[in-house]
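Student: Structure file protein04.pdb (PDB, C-alpha atoms) right here:
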MODEL        1
ATOM      1  CA  MET A   7     -36.808 -12.462  -1.474
ATOM      2  CA  ASP A   8     -38.917  -9.348  -1.343
ATOM      3  CA  ALA A   9     -37.634  -5.846  -0.544
ATOM      4  CA  GLY A  10     -38.754  -6.002   3.087
ATOM      5  CA  HIS A  11     -36.900  -9.254   3.654
ATOM      6  CA  CYS A  12     -33.752  -7.811   2.025
ATOM      7  CA  ARG A  13     -34.011  -4.724   4.251
ATOM      8  CA  GLU A  14     -34.418  -6.848   7.357
ATOM      9  CA  ARG A  15     -31.434  -9.093   6.586
ATOM     10  CA  ASN A  16     -29.130  -6.286   5.472
ATOM     11  CA  GLU A  17     -29.920  -3.967   8.384
ATOM     12  CA  ARG A  18     -29.530  -6.720  10.986
ATOM     13  CA  ARG A  19     -26.255  -7.802   9.349
ATOM     14  CA  GLN A  20     -24.996  -4.228   9.379
ATOM     15  CA  SER A  21     -26.086  -3.751  12.987
ATOM     16  CA  LEU A  22     -24.140  -6.830  14.071
ATOM     17  CA  ALA A  23     -21.091  -5.747  12.059
ATOM     18  CA  VAL A  24     -20.833  -2.214  13.466
ATOM     19  CA  ALA A  25     -21.441  -3.501  17.007
ATOM     20  CA  THR A  26     -18.645  -6.037  16.558
ATOM     21  CA  LEU A  27     -16.203  -3.612  14.940
ATOM     22  CA  ALA A  28     -16.861  -0.564  17.115
ATOM     23  CA  ASP A  29     -14.918   0.210  20.266
ATOM     24  CA  GLU A  30     -18.229   1.022  21.937
ATOM     25  CA  HIS A  31     -21.856   0.235  21.126
ATOM     26  CA  ALA A  32     -25.295   0.277  22.733
ATOM     27  CA  ALA A  33     -28.656  -1.209  21.840
ATOM     28  CA  VAL A  34     -31.395   1.230  20.823
ATOM     29  CA  GLY A  35     -34.784   0.419  19.321
ATOM     30  CA  SER A  36     -34.298  -2.744  17.283
ATOM     31  CA  GLY A  37     -30.734  -1.813  16.361
ATOM     32  CA  VAL A  38     -27.505  -0.416  17.664
ATOM     33  CA  MET A  39     -25.526   2.801  18.094
ATOM     34  CA  ALA A  40     -21.802   2.366  17.415
ATOM     35  CA  PHE A  41     -18.750   4.515  18.087
ATOM     36  CA  THR A  42     -15.031   4.352  17.433
ATOM     37  CA  ALA A  43     -13.088   7.601  17.824
ATOM     38  CA  GLY A  44     -11.625   8.673  14.489
ATOM     39  CA  ALA A  45     -13.668   6.211  12.430
ATOM     40  CA  ARG A  46     -16.624   8.226  11.140
ATOM     41  CA  TRP A  47     -18.024   5.395   9.034
ATOM     42  CA  ILE A  48     -18.769   3.394  12.175
ATOM     43  CA  GLN A  49     -20.258   6.299  14.182
ATOM     44  CA  LYS A  50     -23.934   5.751  13.480
ATOM     45  CA  ALA A  51     -27.199   4.221  14.582
ATOM     46  CA  VAL A  52     -28.428   1.404  12.329
ATOM     47  CA  ALA A  53     -31.426  -0.932  12.195
ATOM     48  CA  VAL A  54     -33.104   1.164  14.908
ATOM     49  CA  ASP A  55     -36.590   1.133  13.360
ATOM     50  CA  LEU A  56     -36.970  -2.406  12.051
ATOM     51  CA  ASP A  57     -39.461  -3.550  14.664
ATOM     52  CA  VAL A  58     -41.295  -0.285  15.401
ATOM     53  CA  PRO A  59     -41.058   3.242  13.973
ATOM     54  CA  LEU A  60     -38.740   5.666  15.743
ATOM     55  CA  THR A  61     -40.259   7.896  18.378
ATOM     56  CA  THR A  62     -39.140  11.344  19.486
ATOM     57  CA  GLU A  63     -37.814   9.765  22.690
ATOM     58  CA  THR A  64     -35.720   7.179  20.838
ATOM     59  CA  VAL A  65     -34.298   9.825  18.517
ATOM     60  CA  GLN A  66     -33.358  11.981  21.526
ATOM     61  CA  GLN A  67     -31.673   8.961  23.134
ATOM     62  CA  ILE A  68     -29.563   8.526  19.987
ATOM     63  CA  VAL A  69     -28.720  12.244  19.827
ATOM     64  CA  SER A  70     -27.636  12.284  23.482
ATOM     65  CA  TRP A  71     -25.513   9.155  23.136
ATOM     66  CA  PHE A  72     -23.502  10.575  20.238
ATOM     67  CA  ARG A  73     -23.224  14.066  21.736
ATOM     68  CA  ASP A  74     -21.832  12.505  24.931
ATOM     69  CA  ARG A  75     -19.029  11.178  22.715
ATOM     70  CA  GLY A  76     -18.437  14.520  21.019
ATOM     71  CA  VAL A  77     -19.560  13.526  17.528
ATOM     72  CA  PRO A  78     -22.598  14.456  15.433
ATOM     73  CA  PRO A  79     -25.409  11.905  15.588
ATOM     74  CA  VAL A  80     -26.058   9.858  12.457
ATOM     75  CA  ILE A  81     -29.142   7.693  11.992
ATOM     76  CA  GLU A  82     -29.436   5.405   8.986
ATOM     77  CA  LEU A  83     -32.952   4.794   7.715
ATOM     78  CA  THR A  84     -33.964   2.900   4.607
ATOM     79  CA  SER A  85     -36.376   3.701   1.840
ATOM     80  CA  LEU A  86     -38.691   1.159   3.495
ATOM     81  CA  SER A  87     -38.637   2.873   6.903
ATOM     82  CA  ASP A  88     -41.988   3.944   8.272
ATOM     83  CA  GLU A  89     -42.978   7.570   7.626
ATOM     84  CA  ALA A  90     -43.130   8.064  11.405
ATOM     85  CA  SER A  91     -39.360   7.374  11.609
ATOM     86  CA  PHE A  92     -38.673  10.053   9.023
ATOM     87  CA  ALA A  93     -40.993  12.461  10.848
ATOM     88  CA  ALA A  94     -39.324  11.825  14.240
ATOM     89  CA  THR A  95     -35.843  12.411  12.821
ATOM     90  CA  ALA A  96     -36.924  15.536  10.922
ATOM     91  CA  GLU A  97     -38.572  16.910  14.061
ATOM     92  CA  ALA A  98     -35.215  16.470  15.862
ATOM     93  CA  GLY A  99     -33.441  18.476  13.153
ATOM     94  CA  PHE A 100     -32.011  15.649  11.057
ATOM     95  CA  ALA A 101     -31.701  16.142   7.308
ATOM     96  CA  LEU A 102     -31.377  13.599   4.524
ATOM     97  CA  VAL A 103     -27.717  13.624   3.535
ATOM     98  CA  GLU A 104     -27.280  10.599   1.333
ATOM     99  CA  VAL A 105     -29.322   7.947  -0.452
ATOM    100  CA  GLU A 106     -27.726   4.584  -1.001
ATOM    101  CA  ASN A 107     -29.258   1.620  -2.787
ATOM    102  CA  VAL A 108     -28.124  -1.903  -2.027
ATOM    103  CA  TRP A 109     -28.925  -4.766  -4.317
ATOM    104  CA  ALA A 110     -28.096  -8.295  -3.247
ATOM    105  CA  MET A 111     -27.799 -11.524  -5.127
ATOM    106  CA  VAL A 112     -26.432 -14.858  -4.024
ATOM    107  CA  PRO A 113     -24.602 -16.407  -6.975
ATOM    108  CA  ARG A 114     -25.055 -20.104  -7.486
ATOM    109  CA  ALA A 115     -21.572 -20.404  -8.936
ATOM    110  CA  LEU A 116     -19.001 -17.791  -9.723
ATOM    111  CA  THR A 117     -15.993 -18.462 -11.865
ATOM    112  CA  VAL A 118     -13.665 -15.598 -12.622
ATOM    113  CA  GLU A 119     -10.400 -15.873 -14.426
ATOM    114  CA  PRO A 120      -8.186 -12.952 -13.402
ATOM    115  CA  PRO A 121      -6.086 -11.192 -16.023
ATOM    116  CA  GLU A 122      -2.596 -12.518 -16.640
ATOM    117  CA  GLY A 123      -0.224 -11.605 -13.811
ATOM    118  CA  ILE A 124      -3.037 -11.060 -11.293
ATOM    119  CA  THR A 125      -3.532 -13.505  -8.438
ATOM    120  CA  ILE A 126      -6.665 -13.360  -6.297
ATOM    121  CA  ARG A 127      -6.547 -15.134  -2.966
ATOM    122  CA  ARG A 128      -8.141 -15.112   0.435
ATOM    123  CA  VAL A 129      -6.379 -13.161   3.183
ATOM    124  CA  ASP A 130      -4.670 -15.444   5.681
ATOM    125  CA  ALA A 131      -6.324 -14.384   8.962
ATOM    126  CA  ALA A 132      -3.441 -15.968  10.915
ATOM    127  CA  ASP A 133      -0.870 -13.694   9.214
ATOM    128  CA  ALA A 134      -0.990 -10.449  11.223
ATOM    129  CA  ALA A 135       1.116  -8.521   8.694
ATOM    130  CA  GLU A 136      -1.100  -9.577   5.771
ATOM    131  CA  VAL A 137      -4.280  -8.770   7.696
ATOM    132  CA  ARG A 138      -2.931  -5.317   8.574
ATOM    133  CA  ARG A 139      -1.940  -4.626   4.936
ATOM    134  CA  TYR A 140      -5.409  -5.676   3.778
ATOM    135  CA  ALA A 141      -7.022  -3.331   6.344
ATOM    136  CA  GLU A 142      -4.739  -0.466   5.275
ATOM    137  CA  ILE A 143      -5.623  -0.961   1.594
ATOM    138  CA  VAL A 144      -9.362  -0.950   2.346
ATOM    139  CA  ALA A 145      -9.048   2.084   4.634
ATOM    140  CA  GLU A 146      -7.102   4.007   1.971
ATOM    141  CA  GLY A 147     -10.055   3.564  -0.362
ATOM    142  CA  PHE A 148     -12.331   5.412   2.069
ATOM    143  CA  THR A 149      -9.889   8.136   3.094
ATOM    144  CA  PRO A 150      -9.851  11.410   1.141
ATOM    145  CA  GLU A 151      -6.774  11.811  -1.035
ATOM    146  CA  GLY A 152      -3.927  13.534   0.775
ATOM    147  CA  GLU A 153      -5.219  12.632   4.252
ATOM    148  CA  ALA A 154      -3.570  10.105   6.531
ATOM    149  CA  VAL A 155      -5.488   6.897   7.111
ATOM    150  CA  PRO A 156      -6.860   7.049  10.664
ATOM    151  CA  GLU A 157      -5.480   4.193  12.792
ATOM    152  CA  PRO A 158      -8.934   3.416  14.301
ATOM    153  CA  VAL A 159     -10.226   2.729  10.778
ATOM    154  CA  VAL A 160      -7.331   0.331  10.132
ATOM    155  CA  GLU A 161      -7.967  -1.370  13.486
ATOM    156  CA  SER A 162     -11.644  -1.892  12.686
ATOM    157  CA  GLY A 163     -10.593  -3.380   9.334
ATOM    158  CA  ILE A 164      -8.298  -5.778  11.134
ATOM    159  CA  ARG A 165     -11.152  -6.851  13.418
ATOM    160  CA  SER A 166     -13.413  -7.370  10.411
ATOM    161  CA  VAL A 167     -11.156 -10.096   9.010
ATOM    162  CA  HIS A 168     -11.823 -12.173  12.128
ATOM    163  CA  MET A 169     -15.641 -11.846  12.009
ATOM    164  CA  ASP A 170     -17.762 -14.903  11.290
ATOM    165  CA  HIS A 171     -19.069 -14.972   7.709
ATOM    166  CA  PHE A 172     -16.542 -12.327   6.584
ATOM    167  CA  ARG A 173     -14.225 -13.139   3.709
ATOM    168  CA  ALA A 174     -11.294 -10.873   2.834
ATOM    169  CA  PHE A 175      -9.439 -11.189  -0.463
ATOM    170  CA  LEU A 176      -6.346  -9.647  -2.001
ATOM    171  CA  ALA A 177      -5.704  -9.155  -5.697
ATOM    172  CA  LEU A 178      -1.946  -9.192  -6.277
ATOM    173  CA  ASP A 179      -0.185  -7.921  -9.380
ATOM    174  CA  ASP A 180       2.841 -10.227  -9.771
TER     175      ASP A 180
ENDMDL
END
Reformat the file's structure so that it appears as C-alpha coordinates.
Tutor:
Amino acid sequence: MDAGHCRERNERRQSLAVATLADEHAAVGSGVMAFTAGARWIQKAVAVDLDVPLTTETVQQIVSWFRDRGVPPVIELTSLSDEASFAATAEAGFALVEVENVWAMVPRALTVEPPEGITIRRVDAADAAEVRRYAEIVAEGFTPEGEAVPEPVVESGIRSVHMDHFRAFLALDD
(Lines of atoms letter the chains of each structure in order from A and count residues from 1; the text may use other names and numbers.)
(Lines give C-alpha, C1' and ligand atoms only; values in the text may rest on other atoms or scores of the structure.)
Protein backbone atom coordinates (compact mmCIF):
# COMPACT_ATOMS: atom_id res chain seq x y z
CA MET A 1 0.00 0.00 0.00
CA ASP A 2 1.34 3.40 -0.91
CA ALA A 3 0.73 6.61 1.05
CA GLY A 4 -2.05 7.78 -1.27
CA HIS A 5 -3.93 4.52 -0.88
CA CYS A 6 -3.55 4.69 2.92
CA ARG A 7 -4.86 8.28 2.89
CA GLU A 8 -7.83 7.31 0.75
CA ARG A 9 -8.82 4.34 2.94
CA ASN A 10 -8.29 6.12 6.25
CA GLU A 11 -10.12 9.31 5.26
CA ARG A 12 -13.10 7.43 3.81
CA ARG A 13 -13.23 5.23 6.92
CA GLN A 14 -13.14 8.29 9.15
CA SER A 15 -15.79 10.03 7.07
CA LEU A 16 -18.14 7.06 7.42
CA ALA A 17 -17.45 6.82 11.16
CA VAL A 18 -18.16 10.46 12.01
CA ALA A 19 -21.28 10.44 9.81
CA THR A 20 -22.53 7.34 11.62
CA LEU A 21 -21.68 8.59 15.11
CA ALA A 22 -22.78 12.21 14.73
CA ASP A 23 -26.26 13.43 15.57
CA GLU A 24 -26.19 15.40 12.32
CA HIS A 25 -24.08 15.22 9.17
CA ALA A 26 -24.04 16.48 5.59
CA ALA A 27 -22.10 15.57 2.48
CA VAL A 28 -19.59 18.13 1.21
CA GLY A 29 -16.97 17.67 -1.50
CA SER A 30 -15.94 14.02 -1.36
CA GLY A 31 -16.46 13.84 2.40
CA VAL A 32 -18.73 14.82 5.22
CA MET A 33 -19.37 17.51 7.83
CA ALA A 34 -20.42 16.10 11.21
CA PHE A 35 -21.92 17.63 14.34
CA THR A 36 -22.95 16.48 17.79
CA ALA A 37 -23.53 19.19 20.39
CA GLY A 38 -20.99 18.89 23.20
CA ALA A 39 -18.75 16.44 21.35
CA ARG A 40 -15.98 18.57 19.85
CA TRP A 41 -14.04 15.62 18.47
CA ILE A 42 -16.87 14.85 16.06
CA GLN A 43 -17.49 18.47 14.97
CA LYS A 44 -15.41 18.55 11.81
CA ALA A 45 -15.28 18.16 8.06
CA VAL A 46 -13.28 15.15 6.88
CA ALA A 47 -12.31 13.59 3.55
CA VAL A 48 -13.63 16.70 1.78
CA ASP A 49 -10.78 16.97 -0.75
CA LEU A 50 -10.10 13.38 -1.74
CA ASP A 51 -11.58 13.63 -5.22
CA VAL A 52 -10.86 17.28 -6.06
CA PRO A 53 -9.05 20.09 -4.22
CA LEU A 54 -11.16 22.36 -2.04
CA THR A 55 -12.45 25.54 -3.60
CA THR A 56 -13.28 28.83 -1.91
CA GLU A 57 -16.97 28.02 -2.39
CA THR A 58 -16.69 24.61 -0.71
CA VAL A 59 -14.75 26.08 2.20
CA GLN A 60 -17.43 28.77 2.65
CA GLN A 61 -20.12 26.07 2.60
CA ILE A 62 -18.30 24.28 5.43
CA VAL A 63 -17.84 27.50 7.41
CA SER A 64 -21.53 28.38 7.08
CA TRP A 65 -22.69 24.91 8.08
CA PHE A 66 -20.71 24.94 11.32
CA ARG A 67 -21.53 28.57 12.15
CA ASP A 68 -25.24 27.75 11.74
CA ARG A 69 -24.70 25.25 14.57
CA GLY A 70 -22.84 27.74 16.76
CA VAL A 71 -19.44 26.03 16.69
CA PRO A 72 -16.13 26.94 15.06
CA PRO A 73 -15.54 25.22 11.72
CA VAL A 74 -12.86 22.53 11.61
CA ILE A 75 -11.53 21.05 8.37
CA GLU A 76 -9.16 18.10 8.45
CA LEU A 77 -6.65 17.93 5.62
CA THR A 78 -3.81 15.47 5.23
CA SER A 79 -0.19 15.92 4.34
CA LEU A 80 -1.13 14.55 0.91
CA SER A 81 -3.87 17.14 0.30
CA ASP A 82 -3.47 19.27 -2.79
CA GLU A 83 -1.82 22.66 -2.28
CA ALA A 84 -5.02 24.27 -3.60
CA SER A 85 -6.92 22.87 -0.58
CA PHE A 86 -4.43 24.45 1.80
CA ALA A 87 -4.63 27.73 -0.13
CA ALA A 88 -8.46 27.78 -0.06
CA THR A 89 -8.57 27.15 3.69
CA ALA A 90 -5.86 29.73 4.40
CA GLU A 91 -7.70 32.29 2.28
CA ALA A 92 -10.80 31.68 4.45
CA GLY A 93 -8.78 32.37 7.61
CA PHE A 94 -8.04 28.81 8.71
CA ALA A 95 -4.75 28.09 10.47
CA LEU A 96 -2.88 24.84 10.93
CA VAL A 97 -3.55 23.77 14.51
CA GLU A 98 -2.33 20.21 14.71
CA VAL A 99 -0.37 17.66 12.71
CA GLU A 100 -1.17 14.02 13.24
CA ASN A 101 0.53 11.07 11.58
CA VAL A 102 -1.27 7.77 11.19
CA TRP A 103 0.58 4.61 10.39
CA ALA A 104 -1.36 1.46 9.61
CA MET A 105 -0.40 -2.16 9.51
CA VAL A 106 -2.57 -5.24 9.27
CA PRO A 107 -1.01 -7.95 11.43
CA ARG A 108 -1.03 -11.44 10.04
CA ALA A 109 -1.28 -12.90 13.52
CA LEU A 110 -1.19 -11.26 16.89
CA THR A 111 -0.69 -13.17 20.08
CA VAL A 112 -0.48 -11.24 23.30
CA GLU A 113 -0.31 -12.74 26.73
CA PRO A 114 -1.63 -10.20 29.24
CA PRO A 115 0.13 -9.79 32.58
CA GLU A 116 -1.05 -11.97 35.44
CA GLY A 117 -4.40 -10.80 36.82
CA ILE A 118 -5.34 -8.94 33.62
CA THR A 119 -8.11 -10.26 31.40
CA ILE A 120 -8.65 -8.82 27.93
CA ARG A 121 -11.98 -9.51 26.29
CA ARG A 122 -14.32 -8.14 23.69
CA VAL A 123 -17.15 -5.90 24.88
CA ASP A 124 -20.51 -7.66 24.77
CA ALA A 125 -22.52 -5.35 22.49
CA ALA A 126 -25.77 -6.87 23.83
CA ASP A 127 -24.93 -5.82 27.42
CA ALA A 128 -26.08 -2.18 27.63
CA ALA A 129 -24.37 -1.59 30.99
CA GLU A 130 -21.03 -2.95 29.75
CA VAL A 131 -21.25 -0.94 26.52
CA ARG A 132 -21.97 2.24 28.50
CA ARG A 133 -19.04 1.59 30.88
CA TYR A 134 -16.73 1.03 27.90
CA ALA A 135 -17.90 4.32 26.32
CA GLU A 136 -17.39 6.17 29.62
CA ILE A 137 -13.84 4.82 29.99
CA VAL A 138 -12.92 5.86 26.44
CA ALA A 139 -14.54 9.29 26.87
CA GLU A 140 -12.65 9.87 30.13
CA GLY A 141 -9.41 9.42 28.22
CA PHE A 142 -10.26 12.35 25.95
CA THR A 143 -11.71 14.65 28.60
CA PRO A 144 -9.40 17.12 30.37
CA GLU A 145 -8.70 16.18 33.97
CA GLY A 146 -11.20 17.70 36.38
CA GLU A 147 -13.90 18.16 33.72
CA ALA A 148 -17.08 16.12 33.56
CA VAL A 149 -17.37 13.73 30.65
CA PRO A 150 -19.91 15.21 28.23
CA GLU A 151 -22.90 12.88 27.78
CA PRO A 152 -22.92 13.36 23.96
CA VAL A 153 -19.37 11.96 23.86
CA VAL A 154 -20.46 8.91 25.87
CA GLU A 155 -23.48 8.45 23.58
CA SER A 156 -21.30 8.53 20.47
CA GLY A 157 -19.05 5.93 22.10
CA ILE A 158 -22.05 3.73 22.72
CA ARG A 159 -23.06 4.03 19.06
CA SER A 160 -19.53 3.15 17.98
CA VAL A 161 -19.74 -0.29 19.59
CA HIS A 162 -22.60 -1.16 17.24
CA MET A 163 -20.82 -0.06 14.03
CA ASP A 164 -19.84 -2.66 11.44
CA HIS A 165 -16.12 -3.49 11.54
CA PHE A 166 -15.71 -1.91 15.00
CA ARG A 167 -14.29 -4.02 17.80
CA ALA A 168 -14.34 -2.80 21.41
CA PHE A 169 -12.26 -4.47 24.11
CA LEU A 170 -11.93 -4.17 27.87
CA ALA A 171 -8.83 -4.94 29.90
CA LEU A 172 -9.91 -5.96 33.40
CA ASP A 173 -7.67 -6.07 36.45
CA ASP A 174 -9.03 -8.99 38.52
Student: Hey, what's within 12 Å of Thr149 in chain A if we count only C-alpha atoms and toss same-chain stuff fewer than 4 positions away? As a VMD selection string, please?
Tutor: chain A and resid 44 to 47 142 to 145 153 to 157 159 to 160
Student: Report as a ChimeraX atom specification the residues that result from applying the PyMOL selection byres ((chain A and resi 161-169) around 7) to the structure here.
Tutor: /A:27-28,131,137-138,141,157-160,170-174
Student: Would you please work out which residue, of A:Gly37, A:Glu104, A:Asp74, A:Ala115, is nearest to Arg19 in chain A when using all atoms listed in the file?
Tutor: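 When distances to Arg19 in chain A are compared using all atoms listed in the file, the smallest one comes from A:Gly37.
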Student: Report, in Å to a single decimal, how far apart CA of Asp29 in chain A and CA of Ala94 in chain A are.
Tutor: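 That distance, rounded to one decimal, is 27.7 Å.
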Student: Report, in Å with one decimal, the straight-line distance from CA of Gly152 in chain A to CA of Met39 in chain A.
Tutor: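 Atom-to-atom, CA of Gly152 in chain A and CA of Met39 in chain A are spaced 29.7 Å apart.
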Student: With the file shown as input, list the residues that the PyMOL selection byres ((chain A and resi 62-64) around 8) selects, as a PDB file with C-alpha atoms, keeping the file's coordinate frame.
Tutor:
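Output contents, as saved in expr05.pdb:
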ATOM      1  CA  VAL A  34     -31.395   1.230  20.823  1.00  0.00           C
ATOM      2  CA  GLY A  35     -34.784   0.419  19.321  1.00  0.00           C
ATOM      3  CA  LEU A  60     -38.740   5.666  15.743  1.00  0.00           C
ATOM      4  CA  THR A  61     -40.259   7.896  18.378  1.00  0.00           C
ATOM      5  CA  VAL A  65     -34.298   9.825  18.517  1.00  0.00           C
ATOM      6  CA  GLN A  66     -33.358  11.981  21.526  1.00  0.00           C
ATOM      7  CA  GLN A  67     -31.673   8.961  23.134  1.00  0.00           C
ATOM      8  CA  ILE A  68     -29.563   8.526  19.987  1.00  0.00           C
ATOM      9  CA  ALA A  94     -39.324  11.825  14.240  1.00  0.00           C
ATOM     10  CA  THR A  95     -35.843  12.411  12.821  1.00  0.00           C
ATOM     11  CA  GLU A  97     -38.572  16.910  14.061  1.00  0.00           C
ATOM     12  CA  ALA A  98     -35.215  16.470  15.862  1.00  0.00           C
TER      13      ALA A  98
END
Student: Quote the spacing between CA of Gln49 in chain A and CA of Ala177 in chain A in Å to one decimal place.
Tutor: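 That distance, rounded to one decimal, is 29.1 Å.
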Student: Using only C-alpha atoms for the distances, tell me which of A:Pro59, A:Ile48, A:Glu122, A:Glu89 is nearest to Val77 in chain A.
Tutor: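 Closest to Val77 in chain A of all the choices is A:Ile48.
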Student: Would you kindly translate the PyMOL selection byres ((chain A and resi 51) around 8) into the concrete residues it picks from this file, as a VMD selection string?
Tutor: chain A and resid 37 to 40 49 to 50 52 to 54 68 79 to 82
Student: Output, as JSON, the centre and edge lengths in Å (one decimal) of the axis-aligned box that contains all listed atoms of range 143-155 of chain A with 5 Å of margin on each side.
Tutor:
{"center_x": -8.0, "center_y": 6.3, "center_z": 3.0, "size_x": 18.8, "size_y": 24.5, "size_z": 18.1}
Student: Between A:Ala33, A:Arg139, A:Leu86, A:Asp55, which residue has the minimum interatomic distance to His11 in chain A, considering all atoms listed in the file?
Tutor: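 Of A:Ala33, A:Arg139, A:Leu86, A:Asp55, the one nearest His11 in chain A is A:Leu86, counting all atoms listed in the file.
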Student: Find the residue from A:Arg75, A:Leu178, A:Arg18, A:Val24 that sits nearest to Val129 in chain A; use only C-alpha atoms when measuring.
Tutor: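 Checking each of A:Arg75, A:Leu178, A:Arg18, A:Val24 against Val129 in chain A, counting only C-alpha atoms, the winner is A:Leu178.
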Student: Rank A:Ala9, A:Ala101, A:Ala43, A:Ala132 by their smallest atom-to-atom distance to Phe72 in chain A, using all atoms listed in the file, and report the top residue only.
Tutor: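 Result for the nearest residue to Phe72 in chain A: A:Ala43.
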Student: Within 9 Å of (-6.4, -15.9, -5.9) in the file's own coordinates, which protein, DNA or RNA residues have an atom, counting all atoms listed in the file? List them as a list in words.
Tutor: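 Residues with an atom close enough to that point: Pro120, Ile124, Thr125, Ile126, Arg127, Arg128, Phe175, Leu176, Ala177 and Leu178 of chain A.
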Student: Which of these, A:Asp180, A:Glu136, A:Glu17, A:Ala32, has the shortest distance to Ser85 in chain A once you count all atoms listed in the file?
Tutor: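 Under the stated criterion, the closest residue is A:Glu17.
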